[in-house]
$ cat entry-v4.cif   # mmCIF, C-alpha atoms and all ligand atoms
data_structure
loop_
_atom_site.group_PDB
_atom_site.id
_atom_site.type_symbol
_atom_site.label_atom_id
_atom_site.label_comp_id
_atom_site.auth_asym_id
_atom_site.auth_seq_id
_atom_site.Cartn_x
_atom_site.Cartn_y
_atom_site.Cartn_z
ATOM 1 C CA MET A 218 93.347 76.614 115.364
ATOM 2 C CA ALA A 219 90.504 78.695 114.034
ATOM 3 C CA THR A 220 89.825 78.904 110.351
ATOM 4 C CA LYS A 221 88.048 82.214 110.396
ATOM 5 C CA THR A 222 87.912 85.362 112.463
ATOM 6 C CA THR A 223 85.237 87.935 111.758
ATOM 7 C CA HIS A 224 85.329 91.622 112.488
ATOM 8 C CA GLU A 225 82.935 91.003 115.361
ATOM 9 C CA THR A 226 84.773 88.128 117.007
ATOM 10 C CA HIS A 227 88.180 88.422 118.602
ATOM 11 C CA ASP A 228 88.351 85.405 120.837
ATOM 12 C CA LEU A 229 91.808 85.119 122.403
ATOM 13 C CA ALA A 230 91.721 81.332 122.165
ATOM 14 C CA ARG A 231 91.024 81.424 118.439
ATOM 15 C CA ALA A 232 93.527 83.975 117.202
ATOM 16 C CA ILE A 233 94.680 82.925 113.747
ATOM 17 C CA ASN A 234 98.007 84.710 113.525
ATOM 18 C CA THR A 235 101.428 83.147 114.062
ATOM 19 C CA PHE A 236 103.017 84.541 117.257
ATOM 20 C CA ALA A 237 99.521 85.049 118.767
ATOM 21 C CA ASN A 238 98.158 82.662 121.418
ATOM 22 C CA ASN A 239 100.890 83.040 124.023
ATOM 23 C CA PRO A 240 99.859 80.487 126.674
ATOM 24 C CA LEU A 241 101.776 82.077 129.566
ATOM 25 C CA ASP A 242 100.355 84.080 132.424
ATOM 26 C CA ARG A 243 102.898 86.914 132.327
ATOM 27 C CA ALA A 244 102.455 87.356 136.096
ATOM 28 C CA SER A 245 103.652 90.951 135.907
ATOM 29 C CA ASP A 246 103.058 91.395 139.640
ATOM 30 C CA LYS A 247 106.003 89.028 140.270
ATOM 31 C CA ARG A 248 108.519 91.075 138.286
ATOM 32 C CA THR A 249 109.229 93.372 141.228
ATOM 33 C CA ASP A 250 109.506 90.446 143.675
ATOM 34 C CA ALA A 251 113.248 89.808 143.367
ATOM 35 C CA SER A 252 113.313 86.955 145.886
ATOM 36 C CA TRP A 253 110.437 85.111 144.124
ATOM 37 C CA ILE A 254 112.191 85.562 140.764
ATOM 38 C CA ALA A 255 115.526 84.315 142.188
ATOM 39 C CA GLU A 256 113.829 81.296 143.776
ATOM 40 C CA LYS A 257 112.013 80.389 140.547
ATOM 41 C CA ARG A 258 115.170 80.870 138.531
ATOM 42 C CA LYS A 259 116.771 78.054 140.588
ATOM 43 C CA ASP A 260 113.641 75.897 140.867
ATOM 44 C CA PRO A 261 114.324 72.577 139.069
ATOM 45 C CA THR A 262 110.813 72.662 137.525
ATOM 46 C CA SER A 263 111.434 76.023 135.830
ATOM 47 C CA LEU A 264 112.098 76.152 132.094
ATOM 48 C CA ILE A 265 114.664 78.398 130.415
ATOM 49 C CA VAL A 266 115.202 78.917 126.712
ATOM 50 C CA PRO A 267 118.709 80.040 125.709
ATOM 51 C CA MET A 268 118.946 82.679 122.974
ATOM 52 C CA TRP A 269 122.170 83.142 121.049
ATOM 53 C CA ASP A 270 122.586 85.945 118.506
ATOM 54 C CA LEU A 271 118.810 86.529 118.984
ATOM 55 C CA LYS A 272 118.109 82.972 117.862
ATOM 56 C CA PRO A 273 116.296 80.564 120.205
ATOM 57 C CA LEU A 274 117.588 77.045 120.783
ATOM 58 C CA ILE A 275 115.415 74.581 118.853
ATOM 59 C CA LEU A 276 115.475 70.896 119.787
ATOM 60 C CA PRO A 277 115.209 68.187 117.146
ATOM 61 C CA GLU A 278 111.982 66.166 117.018
ATOM 62 C CA ILE A 279 111.956 63.119 119.265
ATOM 63 C CA ASN A 280 109.316 61.070 117.446
ATOM 64 C CA GLU A 281 109.090 61.278 113.690
ATOM 65 C CA GLY A 282 106.260 63.560 112.663
ATOM 66 C CA ASP A 283 106.021 65.341 116.034
ATOM 67 C CA GLY A 284 108.092 68.262 114.773
ATOM 68 C CA PRO A 285 110.819 70.129 116.639
ATOM 69 C CA ASP A 286 110.366 71.798 120.030
ATOM 70 C CA ALA A 287 111.532 75.027 121.570
ATOM 71 C CA GLY A 288 114.703 74.504 123.596
ATOM 72 C CA TRP A 289 113.222 74.564 127.081
ATOM 73 C CA LEU A 290 116.023 73.590 129.458
ATOM 74 C CA ARG A 291 116.142 73.118 133.231
ATOM 75 C CA PRO A 292 118.157 75.584 135.353
ATOM 76 C CA ALA A 293 120.867 72.964 135.931
ATOM 77 C CA ASP A 294 121.306 72.525 132.176
ATOM 78 C CA ILE A 295 122.026 76.147 131.505
ATOM 79 C CA ASP A 296 123.819 77.386 134.598
ATOM 80 C CA GLU A 297 127.218 76.327 133.276
ATOM 81 C CA ALA A 298 126.608 77.897 129.868
ATOM 82 C CA ALA A 299 128.191 81.165 128.836
ATOM 83 C CA THR A 300 125.238 83.454 129.591
ATOM 84 C CA THR A 301 125.601 87.228 129.509
ATOM 85 C CA GLY A 302 123.514 87.729 132.655
ATOM 86 C CA LEU A 303 120.616 89.095 130.603
ATOM 87 C CA GLU A 304 117.617 87.024 131.648
ATOM 88 C CA ILE A 305 113.917 87.670 131.155
ATOM 89 C CA PHE A 306 111.081 86.286 133.258
ATOM 90 C CA LEU A 307 108.468 85.371 130.649
ATOM 91 C CA GLY A 308 105.614 84.117 132.813
ATOM 92 C CA VAL A 309 104.104 81.021 134.401
ATOM 93 C CA LYS A 310 102.067 78.064 133.210
ATOM 94 C CA ASN A 311 100.865 75.087 135.229
ATOM 95 C CA GLY A 312 102.928 76.313 138.175
ATOM 96 C CA LYS A 313 106.166 76.384 136.195
ATOM 97 C CA ALA A 314 108.120 79.589 135.625
ATOM 98 C CA PHE A 315 109.500 80.345 132.160
ATOM 99 C CA PHE A 316 112.625 82.380 131.439
ATOM 100 C CA ALA A 317 114.816 83.361 128.496
ATOM 101 C CA ALA A 318 118.584 83.686 128.928
ATOM 102 C CA GLU A 319 121.008 85.317 126.529
ATOM 103 C CA ILE A 320 124.105 83.337 125.544
ATOM 104 C CA ASP A 321 127.298 85.277 124.853
ATOM 105 C CA LYS A 322 127.453 85.995 121.141
ATOM 106 C CA THR A 323 131.188 85.219 121.041
ATOM 107 C CA ALA A 324 130.622 81.688 122.450
ATOM 108 C CA LYS A 325 130.007 78.684 120.188
ATOM 109 C CA PRO A 326 127.253 76.941 122.159
ATOM 110 C CA GLU A 327 126.339 74.447 119.427
ATOM 111 C CA ALA A 328 129.933 73.225 119.208
ATOM 112 C CA GLU A 329 131.251 73.392 122.764
ATOM 113 C CA GLY A 330 130.142 73.705 126.388
ATOM 114 C CA PRO A 331 127.064 72.312 128.165
ATOM 115 C CA LEU A 332 124.626 73.076 125.308
ATOM 116 C CA LYS A 333 126.719 71.229 122.716
ATOM 117 C CA GLY A 334 124.736 68.729 120.707
ATOM 118 C CA LEU A 335 121.346 69.664 122.187
ATOM 119 C CA GLY A 336 119.977 71.386 119.125
ATOM 120 C CA GLU A 337 120.415 74.374 116.849
ATOM 121 C CA PHE A 338 120.039 78.082 117.419
ATOM 122 C CA THR A 339 117.560 78.955 114.692
ATOM 123 C CA GLU A 340 116.191 82.177 113.236
ATOM 124 C CA LEU A 341 112.730 82.614 114.778
ATOM 125 C CA ARG A 342 111.050 83.575 111.500
ATOM 126 C CA GLY A 343 111.868 80.182 110.033
ATOM 127 C CA ALA A 344 111.383 78.218 113.252
ATOM 128 C CA ALA A 345 107.910 79.690 113.825
ATOM 129 C CA ALA A 346 106.513 77.853 110.829
ATOM 130 C CA ILE A 347 107.363 74.463 112.330
ATOM 131 C CA LEU A 348 107.004 75.030 116.087
ATOM 132 C CA PRO A 349 103.834 74.519 118.153
ATOM 133 C CA SER A 350 101.955 77.854 118.038
ATOM 134 C CA GLY A 351 102.245 78.450 121.792
ATOM 135 C CA ASP A 352 106.025 78.043 121.674
ATOM 136 C CA ALA A 353 106.276 80.380 118.692
ATOM 137 C CA ALA A 354 104.363 83.012 120.657
ATOM 138 C CA ILE A 355 106.530 82.663 123.783
ATOM 139 C CA LEU A 356 109.705 82.844 121.695
ATOM 140 C CA ALA A 357 108.384 85.999 120.012
ATOM 141 C CA GLN A 358 108.065 87.521 123.472
ATOM 142 C CA ALA A 359 111.569 86.322 124.408
ATOM 143 C CA LYS A 360 113.172 87.492 121.170
ATOM 144 C CA ALA A 361 111.572 90.950 121.286
ATOM 145 C CA MET A 362 112.652 91.405 124.921
ATOM 146 C CA ILE A 363 116.273 90.296 124.459
ATOM 147 C CA ASP A 364 116.498 92.450 121.329
ATOM 148 C CA TRP A 365 115.121 95.473 123.201
ATOM 149 C CA HIS A 366 117.828 95.172 125.861
ATOM 150 C CA ALA A 367 120.486 94.834 123.181
ATOM 151 C CA ARG A 368 119.361 98.124 121.631
ATOM 152 C CA HIS A 369 118.765 100.106 124.813
ATOM 153 C CA GLY A 370 121.939 99.875 126.846
ATOM 154 C CA PHE A 371 122.188 103.632 127.285
ATOM 155 C CA CYS A 372 119.823 106.170 128.780
ATOM 156 C CA ALA A 373 117.861 108.131 126.174
ATOM 157 C CA VAL A 374 117.719 111.066 128.606
ATOM 158 C CA CYS A 375 121.331 111.460 129.788
ATOM 159 C CA GLY A 376 123.357 108.963 127.744
ATOM 160 C CA GLU A 377 124.739 106.974 130.700
ATOM 161 C CA PRO A 378 124.651 103.131 130.768
ATOM 162 C CA THR A 379 121.360 101.711 132.105
ATOM 163 C CA GLN A 380 120.745 98.608 134.222
ATOM 164 C CA ILE A 381 118.273 95.767 133.823
ATOM 165 C CA ALA A 382 115.450 95.807 136.380
ATOM 166 C CA GLU A 383 112.108 94.136 137.154
ATOM 167 C CA ALA A 384 113.033 90.710 135.797
ATOM 168 C CA GLY A 385 113.850 92.214 132.426
ATOM 169 C CA TYR A 386 110.827 94.481 131.976
ATOM 170 C CA LYS A 387 112.599 97.745 132.744
ATOM 171 C CA ARG A 388 115.937 99.447 132.344
ATOM 172 C CA ALA A 389 116.812 101.969 135.006
ATOM 173 C CA CYS A 390 119.349 104.783 134.743
ATOM 174 C CA PRO A 391 121.432 105.066 137.932
ATOM 175 C CA SER A 392 122.689 108.468 136.818
ATOM 176 C CA CYS A 393 119.466 110.435 136.254
ATOM 177 C CA ASN A 394 116.890 107.928 137.611
ATOM 178 C CA ALA A 395 115.012 107.732 134.297
ATOM 179 C CA GLU A 396 113.074 104.512 133.726
ATOM 180 C CA HIS A 397 112.871 102.874 130.311
ATOM 181 C CA PHE A 398 110.300 100.269 129.313
ATOM 182 C CA PRO A 399 110.152 97.752 126.441
ATOM 183 C CA ARG A 400 108.778 99.193 123.227
ATOM 184 C CA THR A 401 106.305 97.852 120.717
ATOM 185 C CA ASP A 402 106.063 99.751 117.449
ATOM 186 C CA PRO A 403 102.603 99.776 115.823
ATOM 187 C CA VAL A 404 102.540 99.027 112.108
ATOM 188 C CA VAL A 405 99.386 99.167 110.010
ATOM 189 C CA ILE A 406 99.054 96.540 107.302
ATOM 190 C CA MET A 407 96.010 96.843 105.106
ATOM 191 C CA LEU A 408 94.147 95.425 102.183
ATOM 192 C CA ALA A 409 92.381 98.144 100.200
ATOM 193 C CA THR A 410 89.536 96.843 98.064
ATOM 194 C CA ASN A 411 87.291 98.208 95.348
ATOM 195 C CA GLY A 412 84.419 95.938 94.435
ATOM 196 C CA ASP A 413 85.909 92.589 93.410
ATOM 197 C CA LYS A 414 89.472 93.907 93.241
ATOM 198 C CA ALA A 415 92.115 94.351 95.918
ATOM 199 C CA LEU A 416 95.258 96.498 95.911
ATOM 200 C CA LEU A 417 98.577 94.719 96.541
ATOM 201 C CA GLY A 418 102.133 95.903 96.107
ATOM 202 C CA ARG A 419 105.617 94.471 95.960
ATOM 203 C CA GLY A 420 108.953 95.743 97.174
ATOM 204 C CA PRO A 421 112.208 95.884 95.229
ATOM 205 C CA GLY A 422 114.010 92.536 95.230
ATOM 206 C CA TRP A 423 111.006 90.412 96.184
ATOM 207 C CA PRO A 424 110.562 86.978 94.576
ATOM 208 C CA ASP A 425 109.037 87.282 91.134
ATOM 209 C CA LYS A 426 105.217 87.583 91.097
ATOM 210 C CA MET A 427 105.085 87.976 94.895
ATOM 211 C CA TYR A 428 102.648 90.668 96.051
ATOM 212 C CA SER A 429 101.469 91.564 99.534
ATOM 213 C CA ALA A 430 99.316 93.972 101.507
ATOM 214 C CA LEU A 431 100.681 97.503 101.910
ATOM 215 C CA ALA A 432 102.115 98.405 105.315
ATOM 216 C CA GLY A 433 103.782 101.182 107.256
ATOM 217 C CA PHE A 434 104.559 102.488 110.741
ATOM 218 C CA VAL A 435 101.934 104.443 112.638
ATOM 219 C CA GLU A 436 103.340 107.911 113.306
ATOM 220 C CA PRO A 437 103.095 109.888 116.542
ATOM 221 C CA GLY A 438 99.776 111.710 116.873
ATOM 222 C CA GLU A 439 98.046 109.495 114.342
ATOM 223 C CA THR A 440 95.117 107.066 114.587
ATOM 224 C CA ILE A 441 95.191 103.614 113.024
ATOM 225 C CA GLU A 442 92.572 104.748 110.484
ATOM 226 C CA GLU A 443 94.616 107.810 109.557
ATOM 227 C CA ALA A 444 97.792 105.769 109.231
ATOM 228 C CA VAL A 445 96.045 103.295 106.897
ATOM 229 C CA ALA A 446 94.770 106.097 104.647
ATOM 230 C CA ARG A 447 98.097 107.949 104.670
ATOM 231 C CA GLU A 448 100.228 104.895 103.890
ATOM 232 C CA VAL A 449 98.006 103.696 101.039
ATOM 233 C CA PHE A 450 97.988 107.199 99.551
ATOM 234 C CA GLU A 451 101.763 107.708 99.970
ATOM 235 C CA GLU A 452 102.621 104.373 98.385
ATOM 236 C CA THR A 453 100.024 104.229 95.595
ATOM 237 C CA ALA A 454 98.089 107.576 95.478
ATOM 238 C CA VAL A 455 94.873 105.578 96.065
ATOM 239 C CA ARG A 456 92.356 107.138 98.481
ATOM 240 C CA VAL A 457 90.700 104.879 101.073
ATOM 241 C CA SER A 458 88.025 105.205 103.743
ATOM 242 C CA ASP A 459 85.899 102.863 105.883
ATOM 243 C CA VAL A 460 88.864 101.275 107.654
ATOM 244 C CA THR A 461 87.953 98.145 109.606
ATOM 245 C CA TYR A 462 90.140 96.230 112.023
ATOM 246 C CA HIS A 463 90.805 92.529 111.378
ATOM 247 C CA THR A 464 93.404 91.125 113.810
ATOM 248 C CA THR A 465 96.851 91.939 115.160
ATOM 249 C CA GLN A 466 100.107 90.002 115.042
ATOM 250 C CA PRO A 467 103.176 90.381 117.252
ATOM 251 C CA TRP A 468 106.114 90.659 114.843
ATOM 252 C CA PRO A 469 109.380 90.655 116.809
ATOM 253 C CA PHE A 470 111.670 91.763 113.921
ATOM 254 C CA PRO A 471 112.609 93.695 115.918
ATOM 255 C CA SER A 472 109.595 94.921 117.869
ATOM 256 C CA SER A 473 106.465 95.518 115.827
ATOM 257 C CA LEU A 474 102.793 94.901 116.358
ATOM 258 C CA MET A 475 101.168 94.397 112.965
ATOM 259 C CA ILE A 476 97.640 95.858 112.964
ATOM 260 C CA GLY A 477 95.713 94.190 110.167
ATOM 261 C CA CYS A 478 92.957 96.234 108.525
ATOM 262 C CA HIS A 479 90.675 96.277 105.529
ATOM 263 C CA ALA A 480 89.793 99.537 103.792
ATOM 264 C CA VAL A 481 87.510 100.598 100.966
ATOM 265 C CA ALA A 482 89.140 102.475 98.098
ATOM 266 C CA SER A 483 87.360 105.531 96.744
ATOM 267 C CA SER A 484 89.811 105.984 93.857
ATOM 268 C CA THR A 485 91.552 103.403 91.684
ATOM 269 C CA GLU A 486 94.316 105.128 89.700
ATOM 270 C CA ILE A 487 97.730 103.962 90.930
ATOM 271 C CA THR A 488 100.874 106.072 91.067
ATOM 272 C CA ILE A 489 103.543 104.155 92.952
ATOM 273 C CA ASP A 490 106.084 105.630 95.296
ATOM 274 C CA GLY A 491 109.220 104.117 93.785
ATOM 275 C CA ASN A 492 111.124 104.286 97.077
ATOM 276 C CA GLU A 493 108.985 101.763 98.906
ATOM 277 C CA LEU A 494 107.343 99.813 96.100
ATOM 278 C CA SER A 495 108.498 98.523 92.747
ATOM 279 C CA ASP A 496 104.912 97.819 91.654
ATOM 280 C CA ALA A 497 101.303 97.882 92.834
ATOM 281 C CA GLN A 498 98.269 96.494 91.052
ATOM 282 C CA TRP A 499 94.579 95.736 91.448
ATOM 283 C CA PHE A 500 94.029 91.981 91.530
ATOM 284 C CA ASP A 501 90.812 90.050 90.903
ATOM 285 C CA LYS A 502 89.265 88.199 93.815
ATOM 286 C CA ALA A 503 89.352 84.884 91.930
ATOM 287 C CA ASP A 504 93.115 85.195 91.263
ATOM 288 C CA LEU A 505 93.766 86.073 94.887
ATOM 289 C CA ALA A 506 91.672 83.116 96.068
ATOM 290 C CA GLU A 507 93.885 80.833 94.003
ATOM 291 C CA ALA A 508 97.071 82.512 95.271
ATOM 292 C CA VAL A 509 95.912 82.115 98.885
ATOM 293 C CA GLU A 510 95.224 78.439 98.288
ATOM 294 C CA GLN A 511 98.655 77.909 96.704
ATOM 295 C CA ALA A 512 100.441 79.792 99.495
ATOM 296 C CA ALA A 513 98.636 77.702 102.126
ATOM 297 C CA LYS A 514 99.974 74.548 100.484
ATOM 298 C CA GLY A 515 103.500 75.810 101.088
ATOM 299 C CA GLY A 516 106.374 74.655 98.996
ATOM 300 C CA ARG A 517 108.881 76.701 97.088
ATOM 301 C CA LEU A 518 108.694 80.394 96.411
ATOM 302 C CA PRO A 519 107.811 81.473 92.890
ATOM 303 C CA GLY A 520 110.678 81.523 90.433
ATOM 304 C CA PRO A 521 111.301 83.896 87.534
ATOM 305 C CA LYS A 522 109.358 81.632 85.201
ATOM 306 C CA SER A 523 106.344 81.409 87.450
ATOM 307 C CA ALA A 524 103.267 82.782 85.730
ATOM 308 C CA ALA A 525 100.986 82.792 88.739
ATOM 309 C CA LEU A 526 100.498 85.478 91.343
ATOM 310 C CA TRP A 527 101.944 84.666 94.779
ATOM 311 C CA VAL A 528 100.933 86.012 98.177
ATOM 312 C CA PRO A 529 102.775 85.526 101.510
ATOM 313 C CA PRO A 530 102.418 82.254 103.459
ATOM 314 C CA PRO A 531 99.835 81.776 106.246
ATOM 315 C CA MET A 532 102.300 82.827 108.973
ATOM 316 C CA ALA A 533 102.073 86.409 107.634
ATOM 317 C CA ILE A 534 99.067 88.500 108.608
ATOM 318 C CA ALA A 535 98.973 89.751 104.998
ATOM 319 C CA HIS A 536 97.936 86.229 103.984
ATOM 320 C CA GLN A 537 95.140 86.268 106.565
ATOM 321 C CA LEU A 538 93.885 89.665 105.370
ATOM 322 C CA VAL A 539 93.677 88.479 101.768
ATOM 323 C CA LYS A 540 92.151 85.151 102.811
ATOM 324 C CA ALA A 541 89.465 86.824 104.925
ATOM 325 C CA TRP A 542 88.521 89.107 102.039
ATOM 326 C CA VAL A 543 88.357 86.413 99.349
ATOM 327 C CA GLU A 544 86.194 84.308 101.668
ATOM 328 C CA SER A 545 83.878 87.207 102.509
HETATM 329 ZN ZN ZN B 1 119.856 108.742 132.510
#

$ encode --input "entry-v4.cif" --output "structure tokens" --more "lines below"
Ligand SMILES: [Zn+2]
Amino acid sequence: MATKTTHETHDLARAINTFANNPLDRASDKRTDASWIAEKRKDPTSLIVPMWDLKPLILPEINEGDGPDAGWLRPADIDEAATTGLEIFLGVKNGKAFFAAEIDKTAKPEAEGPLKGLGEFTELRGAAAILPSGDAAILAQAKAMIDWHARHGFCAVCGEPTQIAEAGYKRACPSCNAEHFPRTDPVVIMLATNGDKALLGRGPGWPDKMYSALAGFVEPGETIEEAVAREVFEETAVRVSDVTYHTTQPWPFPSSLMIGCHAVASSTEITIDGNELSDAQWFDKADLAEAVEQAAKGGRLPGPKSAALWVPPPMAIAHQLVKAWVES
């Protein structure tokens, strides 16, 4: 894994963000080839991860220290399980096809049936921190896709039920023939700086002393740069310009793409929008460098008696934005 990404370098193989570095060839040309998909779905070399209640199956570690693995099962292992019929073709790697299959939410797959005792269905946000990065990225794809289907069962044009198509990458309306495709919602997340200080905020109910980069959804008809300036101004009344792109992070909770940016503040007086933030402050570079170092070490979240500033852990792009700035 890379330790540093500059504004000039965006090498796919070195992406620093959790949920980046998906190793699969998505082979989108195969999605419309129903016979190829059906053949691969039965192929004993194919790998299928079951998802239950939007949680992927995670297998316990085999050798101590290796860490857990994503629950990649063979077709024969899952065919007797209580699947809903919602299956997504994720892509291919080394000649093997990868799928995700939804398990009926009313079933108890950890306790009974063919998946009993294999592992645990685990929230992806927590699992991502301990899984191999490639698996975390594939599961982000799987989770976002299954979630999209769960939320888009009806046609947005005519209101009739829609049907899964193209190996999971489309929903088609048999009533009005409208086609619906998976969505990704762009979110800007930005670190505004002014000399040796950076602007961070915290939301209501966050752990004590925890601060992060400001963020918000890009609106229709808006550029990334405009969204950065608007969100910073709405949340803190600080004006920014000179927006530069850092990296992006898939964030499947439920379907965002976090677009990490830096921006230069041209004003410093803070007036917080109390709806979104409970506080925002300018922090010194030295304090943020220490907070980044502490967050990278992991461990417990700050408690009410903690005196030190905390920033999010490395799996959050906010951490990477702060880290890149303090190291610049
Ligand atoms: Zn329709």

$ residues_near_ligand --input "entry-v4.cif" --ligand "ligand ZN 1 (chain B)" --cutoff "7 Å" --atoms "only C-alpha atoms and all ligand atoms" --output "number ranges by chain"
A: 372-377, 390-395

$ closest_residue --input "entry-v4.cif" --among "A:Trp365, A:Ala346, A:Gly334, A:Ile406" --to "A:Pro531" --atoms "all atoms listed in the file"
A:Ala346

$ closest_residue --input "entry-v4.cif" --among "A:Arg291, A:His463, A:Lys322, A:Arg258" --to "A:Lys272" --atoms "only C-alpha atoms"
A:Lys322

$ resolve_selection --input "entry-v4.cif" --expression "the PyMOL selection byres (((chain A and resi 252-256) around 12) and not hetatm)" --output "PyMOL selection string"
chain A and resi 244-251+257-263+292+304-309+313-316+382-385

$ closest_residue --input "entry-v4.cif" --among "A:Val455, A:Val404, A:Val449, A:Val481" --to "A:Glu436" --atoms "only C-alpha atoms"
A:Val404

$ resolve_selection --input "entry-v4.cif" --expression "the PyMOL selection byres (((chain A and resi 417) around 7) and not hetatm)" --output "list in words"
Ala415, Leu416, Gly418, Tyr428, Ser429, Ala430, Leu431, Ala497, Gln498 and Trp499 of chain A

$ residues_around --input "entry-v4.cif" --residues "A:Lys360" --least-positions-apart "6" --cutoff "9 Å" --atoms "only C-alpha atoms" --output "PyMOL selection string"
chain A and resi 268+271-273+317+341+469-472

$ axis_aligned_box --input "entry-v4.cif" --around "stretch 327-333 of chain A" --padding-each-side "3 Å" --output "JSON"
{"center_x": 127.9, "center_y": 72.8, "center_z": 123.7, "size_x": 12.6, "size_y": 9.2, "size_z": 15.0}

$ resolve_selection --input "entry-v4.cif" --expression "the PyMOL selection byres (((chain A and resi 482) around 10) and not hetatm)" --output "CSV table (one decimal) with C-alpha atoms, keeping the file's coordinate frame"
chain,number,residue,atom,x,y,z
A,408,LEU,CA,94.1,95.4,102.2
A,409,ALA,CA,92.4,98.1,100.2
A,410,THR,CA,89.5,96.8,98.1
A,411,ASN,CA,87.3,98.2,95.3
A,412,GLY,CA,84.4,95.9,94.4
A,414,LYS,CA,89.5,93.9,93.2
A,415,ALA,CA,92.1,94.4,95.9
A,416,LEU,CA,95.3,96.5,95.9
A,446,ALA,CA,94.8,106.1,104.6
A,449,VAL,CA,98.0,103.7,101.0
A,455,VAL,CA,94.9,105.6,96.1
A,456,ARG,CA,92.4,107.1,98.5
A,457,VAL,CA,90.7,104.9,101.1
A,458,SER,CA,88.0,105.2,103.7
A,459,ASP,CA,85.9,102.9,105.9
A,460,VAL,CA,88.9,101.3,107.7
A,479,HIS,CA,90.7,96.3,105.5
A,480,ALA,CA,89.8,99.5,103.8
A,481,VAL,CA,87.5,100.6,101.0
A,483,SER,CA,87.4,105.5,96.7
A,484,SER,CA,89.8,106.0,93.9
A,485,THR,CA,91.6,103.4,91.7

$ atom_distance --input "entry-v4.cif" --atom1 "atom CA of A:Trp269" --atom2 "atom CA of A:Gly370"
17.7 Å

$ atom_distance --input "entry-v4.cif" --atom1 "atom CA of A:Glu452" --atom2 "atom CA of A:Val509"
23.3 Å

$ closest_residue --input "entry-v4.cif" --among "A:Pro349, A:Pro399, A:Gly312, A:Gly302" --to "A:Met362" --atoms "all atoms listed in the file"
A:Pro399

$ closest_residue --input "entry-v4.cif" --among "A:Leu264, A:Ala533, A:Leu494, A:Ala508" --to "A:Thr465" --atoms "all atoms listed in the file"
A:Ala533

$ closest_residue --input "entry-v4.cif" --among "A:Val528, A:Leu241, A:Val539, A:Ala232" --to "A:Leu356" --atoms "only C-alpha atoms"
A:Leu241

$ residues_around --input "entry-v4.cif" --residues "A:Glu297" --least-positions-apart "4" --cutoff "10 Å" --atoms "all atoms listed in the file" --output "PyMOL selection string"
chain A and resi 292-293+330-332

$ atom_distance --input "entry-v4.cif" --atom1 "atom CA of A:Met532" --atom2 "atom CA of A:Ala454"
28.5 Å

$ residues_around --input "entry-v4.cif" --residues "A:Leu276" --least-positions-apart "3" --cutoff "8 Å" --atoms "only C-alpha atoms" --output "list in words"
Pro285, Asp286, Ala287, Gly288, Leu335, Gly336 and Glu337 of chain A
